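Read the structure below first, then the notes.
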Amino acid sequence: MSTEIESVLIENRVFQPFQNLVEGAAISGMQAYEALCDEARKSPDAFWDRLARENLVWQKPYTKVLDESEAPFYRWFGDGQLNVSANCLDKHLNTPTANKTALIFESDDGKVMTVTYKALHARVCEFANGLKALGHKTGERAIIYMPMSIEAVVAMQACARLGIIHSVVFGGFSSKSLQERAVDVGATLVITADEQVRGGKAIPLKAAVDEALAMGGCEAVRHVVVYKRTGGAVQWQEGRDVWMHDASANQPAECEPVALDAEHPLFILYTSGSTGKPKGVQHAAAGFLLWALLTVKWTFDSKDSDVFWCTADVGWVTGHTYITYGPLAAGLTQVVFEGIPTYPNVGRFWEMIQRHKVTVFYTAPTAIRSLTKAAESAPEYHPREYDLGSLRIIGSVGEPINPEAWMWYYTNVGRERCPVLDTWWQTETGGHMITPLPGATPLKPGSCTLPLPGIEAAVVDESGAEVGRGKGGFLAIKRPWPGMIRTIWNDPERFKKSYFPPELKGYYLAGDGAQRDTDGYFWIMGRIDDVINVSGHRLGTMEVESALVAHETVAEAAVVSRPDATTGEAIVAFVVLKQTLPAGEDADRIAKMLRDWVAKEIGPIAKPKDIRFGENLPKTRSGKIMRRLLRVVAKGETVTQDVSTLENPAILDQLSQAH
Ligand code: PRX
């Protein structure tokens with residue numbers, strides 16, 4: 001495989017850090033950033049040792065920072081012991097943070113509930129005691145299948161307190177996916193809710209659990225603990241099913257945090273690989289916690305006065321690191337939101353920022369793009385209609401944010417006074433890896449900028465050699481870091497093969513294409529498997545998408561490849577217009593206009609061979625575009641894959657027929 005990804009993305013705008021954010025920042029100015037990077041490079045062990053001592057509360061101190069003897073199965077702080085929940089909650093009890101609001105929960109229908117650190121600690125302890133009383137112990141695995149709620153955080157923290165390894169399954173996944181994960185982890189416990197509420201609709205969760213468990217293979221599950229969210233009807237299996245409030249009732253509000261080995265698995269989270277079934281990414285207690293806390297402090301430059309809001313669901317890694325663990329370990333007040341950004345109207349996010357005086361807002365490009373589109377057609381819900389003056393930092397995660405969306409976010413939400421932090425990371429990395437720092441890094445729209453201190457990122461070819469600036473290649477990480485994946489649950493061989501292929505000299509292979517510009521800034525070009533080869537020229541799909549989205553008529557675009565007899569691969573673009581769906585000659589005309597536009601923006605080589613229009617793109621319920629399915633549609637084939645995780649399966653028919 002050639003690694004020459006031809007990059008044609010040209011973005012010259014640079015935004016210097018705001019002086020008010022430089023002053024007093026955790027990492028203040030580029031010199032401070034460079035100094036930390038140097039410290040890490042010169043003596044990585046001493047660097048991580050200092051940070052682990054300064055930031056974590058240890059029940060038993062470690063004597064060895066990093067054990068590389070069985071690389072790539074790295075062990076961090078291996079002989080030390082701590083408890084993650086104690087580091088998120090107990091640590092604050094005898095400080096002013098105890099009476100501070102930990103969580104501001106806003107329900108789908110707008111009801112607000114708050115809980116202080118002290119109260120959250122009590123609720124976690126009561127529930128942990130309840131789980132103990134049911135006979136659940138350290139080392140067991142629990143599936144958590146819950147809506148966004150205070151209870152979901154309580155469930156995860158209670159597991160962490162006891163050393164029960166949790167595997168959260170996003171509430172939008174089907175019962176089949178749930179069953180597969182429960183089987184793979186060998187779950188003995190499932191924690192769920194009767195129903196979840198999103199966009200005014202109640203969706204059953206307990207029923208899906210019942211269905212999953214009835215499929216067989218999960219006989220080890222002894223209890224299903226149910227949070228009563230709506231009071232909707234549920235079937236009940238006596239002896240197995242327990243209400244969460246009953247489990248916690250009459251339990252003491254103190255529960256000794258179990259001293260766990262640093263490498264004890266904290267959680268397993270399933271994520272899709274490029275092939276095969278989802279991989280159970282396993283994270284270790286101490287290293288993950290350290291990285292979650294450090295990245296909250298560094299990237300978000302957290303302040304005691306912050307109101308932090310990460311809009312992710314706890315079913316994804318972003319919700320683990322930047323809801324359940326990092327912000328609590330940092331003692332922040334944070335917003336937890338049950339609903340969706342478009343209910344009861346498309347101004348919901350902006351209204352919530354205004355209502356809760358959010359200072360740090362962290363969301364996904366897909367949300368930004370869809371709200372951009374919505375704001376055009378419903379100007380009364382445009383962000384400019386709200387008081388967003390509390391914001392000081394706005395962030396983005398999950399996929400490349402194209403310069404167009406970046407600028408919209410920067411201008412309309414950040415009001416040109418908040419940095420946009422384009423944070424690159426993955427389920428496997430545990431936390432941010434390449435990201436701007438608000439008090440230091442000059443920003444370039446569309447670039448995730450520079451690696452965090454301690455992270456040695458590089459762009460390499462298939463032999464592991466670094467490629468020159470301006471050249472595309474594989475994004476790789478040269479040294480281990482504490483927050484990294486430890487293994488794939490039940491499949492150490494796949495772990496080695498996927499992330500540490502022998503030809504890459506022991507570097508961690510991220511699976512993304514990237515390039516560095518002359519300033520050393522990283523530009524992520526999408527998954528390696530999303531790179532298209534047209535007539536021997538490699539192009540990042542993202543670049544074509546960026547060009548399309550930059551056109552004033554385009555709301556959203558996804559680009560995939562299709563085999564082509566002449567050019568090897570051909571580009572197929574799926575486009576959502578800001579206007580209504582075009583047909584006939586109108587569609588032909590707009591398609592031609594867009595092709596010419598891409599040719600002008602990038603070059604004739606990037607012209608999509610085929611442009612299909614739809615009212616939307618096929619997305620998972622977390623908002624990720626399912627390019628895998630688009631590739632099938634692009635080939636003119638019928639989709640036979642499981643589409644149960646799609647938010648909008650009907651869109652596939654429309655795109656198949658379109659134009
Ligand atoms: O392709 C990259 C993309 O999302 C992948 C990781 O997905 P996941 O494990 O689901 O984690 C998402 C939340 C961290 C990466 O391999 N990705 C994530 N963040 C960015 C990104 N691509 C470009 N820019 C980003 N900021």
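Ordering of the structure tokens sets the chain letters (A, B, ...); residue numbers start at 1 within each chain; ligands are numbered from 1 in the order shown.
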Per DSSP on the backbone, filter segment 146-389 of chain A down to the residues in strand (DSSP E) and report them as a PyMOL selection string.
chain A and resi 165-168+189-193+195-198+201-204+223-227+241-243+260-261+265-271+279-284+307-310+333-337+360-363
Check every protein, DNA and RNA residue against ligand 1, keep those with an atom at most 10 Å away (counting only C-alpha atoms and all ligand atoms), and present them as a tab-separated table (two decimals) with C-alpha atoms, in the first residue's frame.
chain	number	residue	atom	x	y	z
A	269	LEU	CA	-15.80	-0.47	25.77
A	270	TYR	CA	-16.71	-1.93	22.41
A	271	THR	CA	-15.76	-0.10	19.29
A	272	SER	CA	-15.88	-1.01	15.62
A	273	GLY	CA	-12.78	-2.18	13.89
A	281	VAL	CA	-11.17	-2.07	24.27
A	312	ALA	CA	-21.59	12.95	24.51
A	316	TRP	CA	-19.16	6.28	24.12
A	317	VAL	CA	-15.62	6.83	25.30
A	318	THR	CA	-16.12	10.59	25.32
A	319	GLY	CA	-18.78	10.14	27.97
A	321	THR	CA	-13.49	10.22	29.99
A	364	ALA	CA	-19.27	16.73	17.88
A	365	PRO	CA	-18.87	18.13	14.36
A	395	GLY	CA	-14.42	21.92	21.67
A	396	SER	CA	-15.05	19.32	19.02
A	397	VAL	CA	-14.49	15.57	18.91
A	398	GLY	CA	-15.20	12.42	16.99
A	399	GLU	CA	-14.44	13.19	13.40
A	400	PRO	CA	-12.61	15.78	11.41
A	401	ILE	CA	-14.22	19.18	11.67
A	402	ASN	CA	-14.01	20.79	8.28
A	421	LEU	CA	-10.44	22.90	20.34
A	422	ASP	CA	-10.39	20.22	17.70
A	423	THR	CA	-9.43	17.25	19.85
A	424	TRP	CA	-8.15	14.15	18.08
A	425	TRP	CA	-8.30	10.90	20.01
A	426	GLN	CA	-9.93	7.47	20.00
A	427	THR	CA	-11.63	4.93	22.25
A	428	GLU	CA	-8.24	3.24	22.39
A	429	THR	CA	-6.28	6.30	23.49
A	430	GLY	CA	-8.39	6.93	26.61
A	431	GLY	CA	-8.21	10.70	26.25
A	432	HIS	CA	-7.06	13.56	24.04
A	433	MET	CA	-3.85	13.02	22.11
A	434	ILE	CA	-3.50	15.78	19.54
A	435	THR	CA	-5.30	18.96	20.45
A	446	GLY	CA	-9.49	22.02	10.38
A	447	SER	CA	-6.28	21.03	12.15
A	448	CYS	CA	-6.14	19.29	15.53
A	449	THR	CA	-2.77	21.08	15.83
A	475	LEU	CA	-0.77	8.39	12.12
A	509	LEU	CA	-0.97	2.50	14.74
A	510	ALA	CA	-4.01	4.72	15.10
A	511	GLY	CA	-5.75	3.68	11.90
A	512	ASP	CA	-6.04	7.23	10.65
A	513	GLY	CA	-4.34	8.90	7.75
A	514	ALA	CA	-2.67	12.21	8.54
A	522	PHE	CA	-1.39	17.55	12.25
A	523	TRP	CA	-4.22	17.30	9.75
A	524	ILE	CA	-6.28	14.16	10.13
A	525	MET	CA	-7.43	12.75	6.84
A	526	GLY	CA	-9.91	10.18	8.04
A	527	ARG	CA	-9.54	6.47	8.56
A	528	ILE	CA	-6.96	4.75	6.47
A	529	ASP	CA	-9.75	2.78	4.90
A	530	ASP	CA	-11.46	6.01	3.88
A	542	MET	CA	-12.41	14.41	4.18
A	622	SER	CA	-24.54	8.85	18.05
A	624	LYS	CA	-21.57	9.01	13.02
List the spatial neighbours of Val112 of chain A as a PyMOL selection string - criterion: any atom at most 10 Å away, only C-alpha atoms, same-chain residues fewer than 5 positions off excluded.
chain A and resi 104-107+335-337+356
Requested write-out: N, CA and C atoms of the selected residues, as a CSV table (one decimal), in the first residue's frame:
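Result file result_10.csv:
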chain,number,residue,atom,x,y,z
A,104,ILE,N,-25.3,18.8,37.1
A,104,ILE,CA,-26.6,19.5,36.9
A,104,ILE,C,-27.2,18.6,35.8
A,105,PHE,N,-28.3,17.9,36.2
A,105,PHE,CA,-28.9,17.1,35.2
A,105,PHE,C,-30.1,17.8,34.6
A,106,GLU,N,-30.2,17.8,33.3
A,106,GLU,CA,-31.4,18.3,32.6
A,106,GLU,C,-32.1,17.2,31.8
A,107,SER,N,-33.3,17.0,32.1
A,107,SER,CA,-34.1,15.9,31.5
A,107,SER,C,-34.5,16.4,30.1
A,335,VAL,N,-22.7,19.7,33.4
A,335,VAL,CA,-24.1,19.4,32.9
A,335,VAL,C,-24.2,18.0,32.3
A,336,VAL,N,-25.2,17.3,32.7
A,336,VAL,CA,-25.5,16.0,32.1
A,336,VAL,C,-26.9,16.1,31.4
A,337,PHE,N,-27.0,15.8,30.2
A,337,PHE,CA,-28.2,16.1,29.4
A,337,PHE,C,-28.8,14.8,28.9
A,356,HIS,N,-27.6,27.4,32.0
A,356,HIS,CA,-26.6,26.9,33.1
A,356,HIS,C,-25.3,27.6,33.1
Residues of segment 344-529 of chain A in alpha helix (DSSP H), written as a ChimeraX atom specification
/A:348-356,365-377,403-408,492-499
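Atom CA of Leu371 of chain A to atom CA of Gln334 of chain A spans 22.3 Å [interatomic distance, one decimal].
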Identify, on the basis of only C-alpha atoms, every residue whose closest approach to Ala208 of chain A does not exceed 7 Å; exclude the query and any residue fewer than 4 positions from it along the same chain; express the result as a ChimeraX atom specification.
/A:175,204,212
Take the residues from that selection and write them out as a JSON list (two decimals), in the first residue's frame, keeping all heavy atoms.
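This is the output file again31.json:
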[["chain", "number", "residue", "atom", "x", "y", "z"],
["A", 175, "SER", "N", -30.88, -5.08, 20.90],
["A", 175, "SER", "CA", -30.72, -6.16, 21.90],
["A", 175, "SER", "C", -29.68, -7.18, 21.43],
["A", 175, "SER", "O", -28.98, -7.77, 22.24],
["A", 175, "SER", "CB", -32.07, -6.83, 22.18],
["A", 175, "SER", "OG", -32.68, -7.20, 20.97],
["A", 204, "PRO", "N", -38.17, 1.74, 25.24],
["A", 204, "PRO", "CA", -37.90, 0.74, 26.27],
["A", 204, "PRO", "C", -36.43, 0.29, 26.28],
["A", 204, "PRO", "O", -35.83, 0.11, 25.23],
["A", 204, "PRO", "CB", -38.80, -0.44, 25.90],
["A", 204, "PRO", "CG", -39.36, -0.15, 24.57],
["A", 204, "PRO", "CD", -39.05, 1.25, 24.18],
["A", 212, "ALA", "N", -32.35, -9.61, 25.03],
["A", 212, "ALA", "CA", -30.94, -10.00, 24.88],
["A", 212, "ALA", "C", -30.63, -11.23, 25.72],
["A", 212, "ALA", "O", -30.00, -12.18, 25.25],
["A", 212, "ALA", "CB", -30.03, -8.84, 25.28]]
